[in-house]
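The next block is query00.cif, given as mmCIF, C-alpha atoms and all ligand atoms.
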```cif
data_model
#
loop_
_atom_site.label_atom_id
_atom_site.label_comp_id
_atom_site.auth_asym_id
_atom_site.auth_seq_id
_atom_site.Cartn_x
_atom_site.Cartn_y
_atom_site.Cartn_z
CA MET A 297 4.83 -22.08 8.88
CA GLN A 298 3.60 -19.13 10.93
CA LYS A 299 0.47 -17.52 9.46
CA VAL A 300 0.69 -13.95 8.19
CA ARG A 301 -1.91 -12.06 10.23
CA LYS A 302 -0.23 -8.69 10.80
CA ALA A 303 0.30 -5.85 8.36
CA VAL A 304 2.10 -2.53 8.40
CA ILE A 305 0.91 0.46 6.37
CA PRO A 306 3.60 3.18 6.20
CA ALA A 307 1.79 6.49 5.83
CA ALA A 308 4.32 8.95 7.23
CA GLY A 309 5.69 10.41 3.99
CA LEU A 310 5.45 14.11 3.26
CA GLY A 311 3.57 13.78 -0.04
CA THR A 312 5.52 16.57 -1.70
CA ARG A 313 4.49 15.43 -5.19
CA VAL A 314 0.85 16.18 -4.46
CA LEU A 315 1.21 19.64 -2.96
CA PRO A 316 -0.68 21.80 -2.23
CA ALA A 317 -3.44 19.20 -1.64
CA THR A 318 -1.25 17.51 0.97
CA LYS A 319 -0.22 20.67 2.81
CA SER A 320 -2.55 19.91 5.71
CA MET A 321 -4.33 16.78 4.43
CA PRO A 322 -2.60 13.37 4.46
CA LYS A 323 -2.33 11.98 0.91
CA GLU A 324 -3.66 8.68 2.25
CA MET A 325 -6.96 10.49 2.94
CA LEU A 326 -7.42 11.72 -0.64
CA PRO A 327 -10.74 10.26 -1.82
CA ILE A 328 -11.16 7.87 -4.71
CA VAL A 329 -14.82 8.68 -5.46
CA ASP A 330 -16.29 8.15 -1.99
CA LYS A 331 -13.63 6.44 0.12
CA PRO A 332 -10.19 7.66 1.21
CA ALA A 333 -7.26 5.82 -0.39
CA ILE A 334 -6.19 4.22 2.88
CA GLN A 335 -9.60 2.56 3.31
CA TYR A 336 -9.10 0.64 0.05
CA ILE A 337 -5.73 -0.51 1.39
CA VAL A 338 -7.13 -1.61 4.77
CA GLU A 339 -9.97 -3.44 2.96
CA GLU A 340 -7.43 -5.27 0.77
CA ALA A 341 -5.47 -6.34 3.88
CA VAL A 342 -8.63 -7.58 5.61
CA ARG A 343 -9.75 -9.51 2.51
CA SER A 344 -6.28 -11.12 2.54
CA GLY A 345 -6.81 -12.53 6.04
CA ILE A 346 -4.96 -9.82 8.00
CA THR A 347 -6.43 -9.19 11.47
CA ASP A 348 -4.00 -6.65 12.97
CA ILE A 349 -2.80 -3.54 11.19
CA LEU A 350 -0.24 -0.96 12.30
CA ILE A 351 -0.43 2.35 10.46
CA ILE A 352 2.78 4.41 10.66
CA THR A 353 1.84 8.08 10.82
CA ASN A 354 3.46 11.36 11.73
CA ARG A 355 2.44 14.86 12.77
CA GLY A 356 -0.67 16.09 10.99
CA LYS A 357 -2.06 12.66 10.13
CA GLY A 358 -4.67 12.58 12.89
CA LEU A 359 -7.43 12.47 10.26
CA ILE A 360 -6.41 8.88 9.47
CA GLU A 361 -6.99 7.85 13.10
CA ASP A 362 -10.35 9.63 13.13
CA HIS A 363 -11.46 7.82 9.98
CA PHE A 364 -11.14 4.40 11.65
CA ASP A 365 -12.86 5.55 14.86
CA ARG A 366 -16.58 5.73 15.77
CA VAL A 367 -18.39 9.08 15.38
CA PRO A 368 -21.32 9.11 17.82
CA GLU A 369 -22.83 12.45 16.62
CA LEU A 370 -22.83 11.32 12.99
CA GLU A 371 -24.21 7.89 13.87
CA ALA A 372 -27.02 9.50 15.90
CA ARG A 373 -27.90 11.69 12.91
CA LEU A 374 -28.02 8.71 10.53
CA SER A 375 -29.92 6.33 12.80
CA GLY A 376 -33.68 6.04 12.78
CA SER A 377 -34.06 6.92 9.13
CA PRO A 378 -34.64 3.83 6.95
CA GLU A 379 -33.05 5.39 3.86
CA LYS A 380 -29.86 6.21 5.80
CA GLU A 381 -29.60 2.74 7.38
CA ALA A 382 -27.10 1.41 4.81
CA MET A 383 -24.88 4.49 5.22
CA LEU A 384 -25.00 4.12 9.02
CA LYS A 385 -23.86 0.51 8.74
CA GLU A 386 -21.08 1.47 6.34
CA VAL A 387 -19.83 4.22 8.66
CA ILE A 388 -19.81 1.92 11.70
CA ASP A 389 -18.26 -1.02 9.82
CA ILE A 390 -15.17 1.05 8.99
CA SER A 391 -14.23 1.09 12.66
CA HIS A 392 -14.62 -2.69 13.03
CA MET A 393 -12.70 -3.92 9.96
CA ALA A 394 -9.60 -4.97 11.88
CA ASN A 395 -7.60 -4.19 15.01
CA ILE A 396 -5.95 -0.97 13.89
CA TYR A 397 -3.01 0.49 15.77
CA PHE A 398 -0.97 3.64 15.17
CA VAL A 399 2.60 4.62 15.86
CA ARG A 400 4.42 7.77 14.86
CA GLN A 401 7.59 7.92 12.84
CA LYS A 402 9.10 10.95 14.54
CA GLU A 403 11.44 11.93 11.69
CA THR A 404 10.86 11.37 7.98
CA ARG A 405 13.92 9.22 7.41
CA GLY A 406 12.61 6.91 4.71
CA LEU A 407 10.39 3.89 4.15
CA GLY A 408 12.92 1.50 5.75
CA HIS A 409 13.03 3.67 8.87
CA ALA A 410 9.20 3.79 8.91
CA VAL A 411 8.90 -0.02 8.73
CA ASN A 412 11.48 -0.34 11.50
CA CYS A 413 9.04 1.53 13.80
CA ALA A 414 6.87 -1.64 13.65
CA ARG A 415 9.36 -3.98 15.33
CA SER A 416 7.63 -4.38 18.70
CA PHE A 417 4.15 -4.61 17.11
CA ILE A 418 5.34 -7.40 14.78
CA ASN A 419 6.99 -9.25 17.69
CA GLY A 420 8.81 -11.92 15.70
CA GLU A 421 6.09 -12.82 13.16
CA PRO A 422 6.11 -12.64 9.36
CA PHE A 423 4.12 -9.61 8.16
CA ALA A 424 2.78 -7.81 5.12
CA VAL A 425 3.70 -4.25 4.14
CA LEU A 426 1.16 -2.26 2.11
CA TYR A 427 2.57 1.10 1.00
CA GLY A 428 0.13 3.80 2.07
CA ASP A 429 0.00 5.52 -1.31
CA ASP A 430 -0.37 2.44 -3.55
CA VAL A 431 -3.98 1.43 -4.06
CA ILE A 432 -4.45 -1.91 -5.83
CA ILE A 433 -7.91 -2.89 -7.00
CA GLY A 434 -8.72 -6.40 -8.18
CA GLU A 435 -10.87 -9.47 -7.59
CA ASP A 436 -8.07 -11.38 -5.86
CA PRO A 437 -6.48 -9.02 -3.28
CA ALA A 438 -2.79 -8.44 -4.12
CA CYS A 439 -1.69 -8.81 -0.50
CA GLY A 440 -3.38 -12.23 -0.37
CA GLN A 441 -1.54 -13.32 -3.53
CA LEU A 442 1.77 -12.52 -1.79
CA ILE A 443 0.73 -14.28 1.42
CA ARG A 444 -0.04 -17.45 -0.55
CA ALA A 445 3.47 -17.31 -2.06
CA TYR A 446 4.96 -16.83 1.42
CA GLU A 447 3.05 -19.88 2.66
CA GLU A 448 4.28 -21.94 -0.32
CA PHE A 449 7.96 -20.94 -0.33
CA GLY A 450 8.62 -19.73 3.24
CA LYS A 451 10.61 -16.74 1.95
CA GLY A 452 10.08 -12.99 1.82
CA VAL A 453 7.79 -12.03 -1.07
CA LEU A 454 7.75 -8.95 -3.30
CA GLY A 455 4.77 -7.61 -5.24
CA VAL A 456 6.15 -6.69 -8.66
CA LYS A 457 5.11 -5.40 -12.08
CA GLU A 458 7.05 -4.61 -15.22
CA VAL A 459 7.45 -0.87 -15.78
CA SER A 460 8.92 1.17 -18.64
CA ALA A 461 12.66 1.76 -18.96
CA GLU A 462 12.08 5.47 -18.22
CA ALA A 463 9.99 4.78 -15.11
CA ILE A 464 12.32 2.22 -13.56
CA THR A 465 14.95 4.81 -12.62
CA LYS A 466 12.36 6.28 -10.22
CA TYR A 467 11.49 2.89 -8.70
CA SER A 468 13.52 -0.25 -7.95
CA SER A 469 14.87 -2.86 -10.35
CA LEU A 470 15.05 -6.59 -9.57
CA LYS A 471 17.18 -9.51 -10.73
CA VAL A 472 14.63 -12.29 -11.30
CA ASP A 473 14.46 -15.88 -12.61
CA PRO A 474 11.15 -17.53 -13.50
CA ILE A 475 9.67 -20.21 -11.22
CA ARG A 476 6.27 -20.69 -12.93
CA ASP A 477 3.38 -18.55 -14.17
CA ASN A 478 3.64 -15.16 -12.43
CA LEU A 479 6.21 -16.30 -9.83
CA TYR A 480 9.95 -15.56 -9.89
CA THR A 481 12.91 -15.91 -7.57
CA CYS A 482 14.67 -12.64 -6.77
CA THR A 483 18.30 -12.65 -5.68
CA ASP A 484 19.29 -9.01 -6.10
CA MET A 485 17.75 -5.55 -6.43
CA ILE A 486 18.63 -1.88 -6.58
CA GLU A 487 16.67 1.24 -5.59
CA LYS A 488 16.39 4.07 -8.16
CA PRO A 489 18.98 2.58 -10.57
CA THR A 490 20.89 4.73 -13.03
CA PRO A 491 20.29 3.41 -16.60
CA ASP A 492 23.55 1.37 -16.56
CA LYS A 493 22.52 -0.39 -13.29
CA ILE A 494 19.09 -1.69 -14.39
CA LEU A 495 18.76 -5.42 -13.53
CA SER A 496 15.36 -5.97 -15.23
CA LEU A 497 12.19 -3.96 -15.79
CA PHE A 498 10.52 -5.69 -12.83
CA SER A 499 10.00 -3.26 -9.98
CA ILE A 500 8.58 -3.61 -6.46
CA LEU A 501 5.22 -1.88 -6.46
CA GLY A 502 3.49 -1.30 -3.18
CA ARG A 503 3.37 -4.68 -1.44
CA CYS A 504 5.70 -7.16 0.24
CA VAL A 505 5.62 -9.90 2.86
CA LEU A 506 8.66 -9.99 5.11
CA PRO A 507 10.14 -12.32 7.71
CA PRO A 508 10.94 -10.71 11.10
CA GLU A 509 14.70 -10.94 10.37
CA ILE A 510 14.23 -7.79 8.29
CA PHE A 511 14.37 -5.67 11.47
CA ASP A 512 17.97 -6.67 12.35
CA ILE A 513 18.89 -5.97 8.72
CA LEU A 514 17.19 -2.56 8.84
CA ASP A 515 19.18 -1.68 11.97
CA GLN A 516 22.35 -2.21 9.93
CA THR A 517 21.15 -0.49 6.74
CA PRO A 518 22.81 2.89 6.12
CA PRO A 519 20.96 5.74 4.38
CA GLY A 520 20.77 5.15 0.62
CA ALA A 521 19.08 6.97 -2.29
CA GLY A 522 17.94 10.46 -1.25
CA GLY A 523 19.75 10.13 2.10
CA GLU A 524 16.84 7.99 3.39
CA ILE A 525 16.91 4.51 4.93
CA GLN A 526 15.53 2.51 2.03
CA LEU A 527 13.43 -0.62 2.58
CA THR A 528 14.70 -1.82 -0.81
CA ASP A 529 18.30 -1.76 0.47
CA ALA A 530 17.33 -3.95 3.44
CA MET A 531 15.33 -6.31 1.20
CA CYS A 532 18.35 -6.47 -1.12
CA THR A 533 20.44 -7.83 1.78
CA LEU A 534 17.66 -10.33 2.55
CA ALA A 535 17.40 -11.39 -1.13
CA ARG A 536 21.17 -11.90 -1.38
CA GLN A 537 21.26 -13.86 1.92
CA GLN A 538 18.28 -16.16 1.51
CA GLY A 539 16.55 -15.32 -1.77
CA MET A 540 13.06 -13.84 -2.10
CA VAL A 541 10.05 -14.62 -4.27
CA ALA A 542 8.54 -12.05 -6.65
CA VAL A 543 4.84 -12.20 -7.55
CA ASP A 544 3.68 -10.36 -10.68
CA PHE A 545 0.33 -9.70 -9.02
CA THR A 546 -3.02 -9.24 -10.74
CA GLY A 547 -5.02 -6.08 -10.13
CA ASN A 548 -4.79 -2.45 -11.18
CA ARG A 549 -2.33 -0.38 -9.21
CA TYR A 550 -2.81 3.35 -8.73
CA ASP A 551 -0.02 5.57 -7.45
CA MET A 552 -1.82 8.02 -5.14
CA GLY A 553 1.51 9.77 -4.60
CA ASN A 554 1.29 11.54 -7.95
CA LYS A 555 -1.35 13.64 -9.64
CA LEU A 556 -1.90 11.47 -12.72
CA GLY A 557 -2.26 8.34 -10.55
CA ILE A 558 -4.94 10.04 -8.46
CA MET A 559 -6.93 10.94 -11.59
CA GLN A 560 -6.59 7.43 -13.08
CA ALA A 561 -7.88 5.90 -9.84
CA SER A 562 -10.83 8.30 -9.69
CA VAL A 563 -11.87 7.74 -13.31
CA GLU A 564 -11.59 3.94 -13.25
CA VAL A 565 -13.30 3.48 -9.89
CA ALA A 566 -16.07 5.92 -10.88
CA LEU A 567 -16.72 3.95 -14.09
CA ASN A 568 -17.43 0.82 -12.02
CA HIS A 569 -19.27 2.52 -9.18
CA PRO A 570 -22.76 1.08 -8.56
CA GLN A 571 -24.34 4.52 -7.94
CA ILE A 572 -22.64 6.81 -10.44
CA GLY A 573 -20.99 4.39 -12.92
CA ALA A 574 -23.58 4.65 -15.72
CA ASP A 575 -23.94 8.45 -15.52
CA PHE A 576 -20.19 8.96 -15.32
CA ARG A 577 -19.64 6.73 -18.38
CA ALA A 578 -22.15 8.79 -20.37
CA TYR A 579 -20.46 12.01 -19.21
CA LEU A 580 -16.98 10.74 -20.14
CA LYS A 581 -18.17 9.74 -23.62
CA GLU A 582 -19.52 13.26 -24.17
CA ILE A 583 -16.28 14.83 -22.95
CA ALA A 584 -14.20 12.43 -25.07
CA LYS A 585 -15.93 13.69 -28.24
CA THR A 586 -14.49 17.15 -27.60
CA LEU A 587 -10.90 15.98 -27.09
P1 LIG B 601 7.17 8.00 -0.97
O1 LIG B 601 8.57 8.37 -1.16
O2 LIG B 601 6.30 7.79 -2.14
O3 LIG B 601 6.39 9.02 -0.03
O4 LIG B 601 7.14 6.76 0.03
P2 LIG B 601 6.48 10.55 0.21
O5 LIG B 601 7.73 10.90 0.95
O6 LIG B 601 5.21 10.91 0.89
O7 LIG B 601 6.44 11.12 -1.28
P3 LIG B 601 6.93 12.47 -1.93
O8 LIG B 601 8.06 12.05 -2.80
O9 LIG B 601 7.27 13.44 -0.83
O10 LIG B 601 5.74 12.95 -2.73
C1 LIG B 601 6.39 5.56 -0.16
C2 LIG B 601 5.60 5.21 1.09
O11 LIG B 601 6.40 5.26 2.26
C3 LIG B 601 5.87 6.12 3.24
C4 LIG B 601 4.97 7.06 2.47
O12 LIG B 601 3.91 7.52 3.31
C5 LIG B 601 4.46 6.18 1.34
O13 LIG B 601 3.35 5.42 1.74
N1 LIG B 601 6.99 6.79 3.94
C6 LIG B 601 8.00 7.36 3.23
C7 LIG B 601 7.00 6.81 5.33
O14 LIG B 601 6.09 6.30 5.99
N2 LIG B 601 8.06 7.43 5.96
C8 LIG B 601 9.08 8.01 5.28
O15 LIG B 601 10.02 8.54 5.95
C9 LIG B 601 9.04 7.98 3.88
#
```
Is it possible to express this structure as structure tokens?
Amino acid sequence: MQKVRKAVIPAAGLGTRVLPATKSMPKEMLPIVDKPAIQYIVEEAVRSGITDILIITNRGKGLIEDHFDRVPELEARLSGSPEKEAMLKEVIDISHMANIYFVRQKETRGLGHAVNCARSFINGEPFAVLYGDDVIIGEDPACGQLIRAYEEFGKGVLGVKEVSAEAITKYSSLKVDPIRDNLYTCTDMIEKPTPDKILSLFSILGRCVLPPEIFDILDQTPPGAGGEIQLTDAMCTLARQQGMVAVDFTGNRYDMGNKLGIMQASVEVALNHPQIGADFRAYLKEIAKTL
């Protein structure tokens, strides 16, 4: 079994649900307390054993590239001062976390089209996909949980959670059968189902591990929901052809593509933050009394 060492982070969406914040700022760069969302995602990939990451960007996302680069002027300013030593190390470490590559999706034609831009980078290997606006925080990195399932079953793996009947029409819905614990087989799926087409309340949320055959399938996948080339449609073909495995992963998932998700991430990360956690908790308790 080939090891999963490459990952793709699609980050070329327009972020229309978070306007006007995302007018000139990529939504992947929105901070959760003191780190941009995409850094949490890269850290999760690295903790999962990924060594090479391709970030799919588009026009106006240059800030993402800058974030993973060195900044000599800033480093010079931080060096030499003992109290800034830890910050200097943190700033430099960001640029050494993994081999990070970038490619542009030249037209916003959907998540499937974005992933298809990774074909030559992936070069015939299995790979992980971490959606650029889904931050998952937990002890055991979600991407690593999926990679373990790939190594056990040798099939494409989907990160899933149960969502409400109202929410599922905005996501995907999967046909699943239990294997054991939090593992299921998946043999069918549908993107943005109408209420009569719901297969189950399990939905793909933010992570998958795919075999390289997905690229030939993507080439043949016509535009689906919203006129975009949907990764779910291609994975549906894969699931029907060879079956996939669904992992109901542990960890808290935050949807950085919508305003409420951004606030939930900020509040929960701040509560556990080593520097501001205690003060923020006290502040929240005071505020809560007035609600
Ligand atoms: P979304 O549909 O949530 O992203 O795609 P979006 O288009 O930015 O969102 P809204 O609806 O306009 O607010 C899920 C993931 O796929 C990426 C996005 O960056 C996000 O990480 N994506 C989507 C691409 O890379 N390219 C696309 O053409 C579409």
Find the residues near A:Ala463: any atom within 10 Å, counting only C-alpha atoms, skip ones fewer than 3 places away on the same chain, and give them as a list in words.
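Everything that qualifies: Glu458, Val459, Ser460, Lys466, Tyr467, Ser468, Lys488, Leu497 and Ser499 of chain A.
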Those same residues - C-alpha atoms - I'd like them written as a PDB file, in the frame of the given file.
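Writing the result to selection-v2.pdb gives the following:
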```pdb
ATOM      1  CA  GLU A 458       7.050  -4.610 -15.220  1.00  0.00           C
ATOM      2  CA  VAL A 459       7.450  -0.870 -15.780  1.00  0.00           C
ATOM      3  CA  SER A 460       8.920   1.170 -18.640  1.00  0.00           C
ATOM      4  CA  LYS A 466      12.360   6.280 -10.220  1.00  0.00           C
ATOM      5  CA  TYR A 467      11.490   2.890  -8.700  1.00  0.00           C
ATOM      6  CA  SER A 468      13.520  -0.250  -7.950  1.00  0.00           C
ATOM      7  CA  LYS A 488      16.390   4.070  -8.160  1.00  0.00           C
ATOM      8  CA  LEU A 497      12.190  -3.960 -15.790  1.00  0.00           C
ATOM      9  CA  SER A 499      10.000  -3.260  -9.980  1.00  0.00           C
TER      10      SER A 499
END
```
Leaving out A:Pro508 and any residue of its chain fewer than 4 positions from it, which residues lie within 6 Å of it when counting only C-alpha atoms, given as a ChimeraX atom specification?
/A:420-422
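Listed by chain and then residue number, the contacts of ligand LIG 601 (chain B) are Pro306, Ala307, Ala308, Gly309, Leu310, Gly311, Thr312, Arg313, Thr404, Arg405, Gly406, Leu407, Ala410, Tyr427, Gly428, Asp429 and Gly553 of chain A (distance at most 6 Å, using all atoms listed in the file).
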When distances are computed from only C-alpha atoms, which of A:Leu580, A:Ala542, A:Val338, A:Ile494 shows the smallest separation from A:Ile433?
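Among A:Leu580, A:Ala542, A:Val338, A:Ile494, it is A:Val338 that comes nearest to A:Ile433.
Residues of protein, DNA and RNA with at least one atom no farther than 8 Å from (0.9, -2.9, 11.9) are, using all atoms listed in the file, Lys302, Ala303, Val304, Ile305, Asp348, Ile349, Leu350, Ile351, Ile352, Ile396, Tyr397, Phe398, Ala414, Phe417 and Ile418 of chain A.
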Taking into account all atoms listed in the file, which residue in the set A:Tyr579, A:Phe498, A:Phe511, A:Phe423 is nearest to A:Cys439?
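Of all the options, A:Phe423 lies closest to A:Cys439.
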Taking the partial coordinates given, rebuild stretch 474-485 of chain A to contain all heavy atoms; return it as an mmCIF file, in the coordinates of the input.
```
data_model
loop_
_atom_site.group_PDB
_atom_site.id
_atom_site.type_symbol
_atom_site.label_atom_id
_atom_site.label_comp_id
_atom_site.auth_asym_id
_atom_site.auth_seq_id
_atom_site.Cartn_x
_atom_site.Cartn_y
_atom_site.Cartn_z
ATOM 1 N N PRO A 474 12.511 -16.987 -13.600
ATOM 2 C CA PRO A 474 11.150 -17.530 -13.500
ATOM 3 C C PRO A 474 11.063 -18.811 -12.669
ATOM 4 O O PRO A 474 11.975 -19.641 -12.713
ATOM 5 C CB PRO A 474 10.782 -17.834 -14.966
ATOM 6 C CG PRO A 474 11.957 -17.486 -15.796
ATOM 7 C CD PRO A 474 13.057 -16.979 -14.947
ATOM 8 N N ILE A 475 9.992 -18.942 -11.897
ATOM 9 C CA ILE A 475 9.670 -20.210 -11.220
ATOM 10 C C ILE A 475 8.553 -20.867 -12.042
ATOM 11 O O ILE A 475 8.744 -21.909 -12.646
ATOM 12 C CB ILE A 475 9.176 -20.002 -9.772
ATOM 13 C CG1 ILE A 475 10.216 -19.266 -8.932
ATOM 14 C CG2 ILE A 475 8.828 -21.348 -9.128
ATOM 15 C CD1 ILE A 475 9.768 -18.937 -7.503
ATOM 16 N N ARG A 476 7.391 -20.234 -12.096
ATOM 17 C CA ARG A 476 6.270 -20.690 -12.930
ATOM 18 C C ARG A 476 5.262 -19.540 -12.982
ATOM 19 O O ARG A 476 5.259 -18.674 -12.109
ATOM 20 C CB ARG A 476 5.608 -21.960 -12.360
ATOM 21 C CG ARG A 476 4.992 -21.775 -11.010
ATOM 22 C CD ARG A 476 4.021 -22.883 -10.605
ATOM 23 N NE ARG A 476 3.139 -22.376 -9.588
ATOM 24 C CZ ARG A 476 3.363 -22.502 -8.281
ATOM 25 N NH1 ARG A 476 4.420 -23.134 -7.840
ATOM 26 N NH2 ARG A 476 2.516 -21.997 -7.409
ATOM 27 N N ASP A 477 4.443 -19.555 -14.004
ATOM 28 C CA ASP A 477 3.380 -18.550 -14.170
ATOM 29 C C ASP A 477 3.896 -17.139 -13.827
ATOM 30 O O ASP A 477 4.812 -16.664 -14.447
ATOM 31 C CB ASP A 477 2.156 -18.902 -13.308
ATOM 32 C CG ASP A 477 1.685 -20.337 -13.561
ATOM 33 O OD1 ASP A 477 1.781 -20.757 -14.720
ATOM 34 O OD2 ASP A 477 1.274 -21.017 -12.604
ATOM 35 N N ASN A 478 3.267 -16.536 -12.790
ATOM 36 C CA ASN A 478 3.640 -15.160 -12.430
ATOM 37 C C ASN A 478 4.605 -15.118 -11.244
ATOM 38 O O ASN A 478 4.706 -14.100 -10.560
ATOM 39 C CB ASN A 478 2.376 -14.347 -12.107
ATOM 40 C CG ASN A 478 1.606 -14.952 -10.955
ATOM 41 O OD1 ASN A 478 1.786 -16.114 -10.607
ATOM 42 N ND2 ASN A 478 0.754 -14.156 -10.330
ATOM 43 N N LEU A 479 5.302 -16.222 -10.984
ATOM 44 C CA LEU A 479 6.210 -16.300 -9.830
ATOM 45 C C LEU A 479 7.667 -16.348 -10.284
ATOM 46 O O LEU A 479 8.001 -17.058 -11.242
ATOM 47 C CB LEU A 479 5.912 -17.554 -8.999
ATOM 48 C CG LEU A 479 4.511 -17.682 -8.415
ATOM 49 C CD1 LEU A 479 4.344 -19.040 -7.742
ATOM 50 C CD2 LEU A 479 4.252 -16.566 -7.410
ATOM 51 N N TYR A 480 8.530 -15.634 -9.566
ATOM 52 C CA TYR A 480 9.950 -15.560 -9.890
ATOM 53 C C TYR A 480 10.768 -15.641 -8.606
ATOM 54 O O TYR A 480 10.275 -15.269 -7.543
ATOM 55 C CB TYR A 480 10.284 -14.210 -10.569
ATOM 56 C CG TYR A 480 9.490 -13.959 -11.829
ATOM 57 C CD1 TYR A 480 8.175 -13.484 -11.755
ATOM 58 C CD2 TYR A 480 10.048 -14.193 -13.090
ATOM 59 C CE1 TYR A 480 7.428 -13.270 -12.912
ATOM 60 C CE2 TYR A 480 9.311 -13.968 -14.239
ATOM 61 C CZ TYR A 480 8.003 -13.508 -14.148
ATOM 62 O OH TYR A 480 7.278 -13.294 -15.282
ATOM 63 N N THR A 481 12.013 -16.100 -8.709
ATOM 64 C CA THR A 481 12.910 -15.910 -7.570
ATOM 65 C C THR A 481 13.618 -14.578 -7.782
ATOM 66 O O THR A 481 13.856 -14.165 -8.914
ATOM 67 C CB THR A 481 13.988 -17.021 -7.471
ATOM 68 O OG1 THR A 481 14.653 -17.107 -8.725
ATOM 69 C CG2 THR A 481 13.401 -18.357 -7.102
ATOM 70 N N CYS A 482 13.947 -13.928 -6.690
ATOM 71 C CA CYS A 482 14.670 -12.640 -6.770
ATOM 72 C C CYS A 482 15.900 -12.755 -5.877
ATOM 73 O O CYS A 482 15.782 -13.083 -4.691
ATOM 74 C CB CYS A 482 13.757 -11.512 -6.309
ATOM 75 S SG CYS A 482 14.646 -9.961 -6.114
ATOM 76 N N THR A 483 17.069 -12.499 -6.456
ATOM 77 C CA THR A 483 18.300 -12.650 -5.680
ATOM 78 C C THR A 483 19.081 -11.335 -5.555
ATOM 79 O O THR A 483 20.107 -11.289 -4.886
ATOM 80 C CB THR A 483 19.218 -13.707 -6.339
ATOM 81 O OG1 THR A 483 19.275 -13.437 -7.749
ATOM 82 C CG2 THR A 483 18.700 -15.111 -6.103
ATOM 83 N N ASP A 484 18.585 -10.287 -6.206
ATOM 84 C CA ASP A 484 19.290 -9.010 -6.100
ATOM 85 C C ASP A 484 18.332 -7.887 -6.506
ATOM 86 O O ASP A 484 17.359 -8.130 -7.234
ATOM 87 C CB ASP A 484 20.525 -8.991 -7.012
ATOM 88 C CG ASP A 484 21.571 -7.979 -6.546
ATOM 89 O OD1 ASP A 484 21.352 -7.316 -5.506
ATOM 90 O OD2 ASP A 484 22.601 -7.853 -7.224
ATOM 91 N N MET A 485 18.596 -6.695 -6.045
ATOM 92 C CA MET A 485 17.750 -5.550 -6.430
ATOM 93 C C MET A 485 18.498 -4.259 -6.185
ATOM 94 O O MET A 485 19.503 -4.235 -5.465
ATOM 95 C CB MET A 485 16.434 -5.571 -5.639
ATOM 96 C CG MET A 485 16.583 -5.356 -4.161
ATOM 97 S SD MET A 485 15.045 -5.602 -3.256
ATOM 98 C CE MET A 485 14.973 -7.369 -3.104
#
```
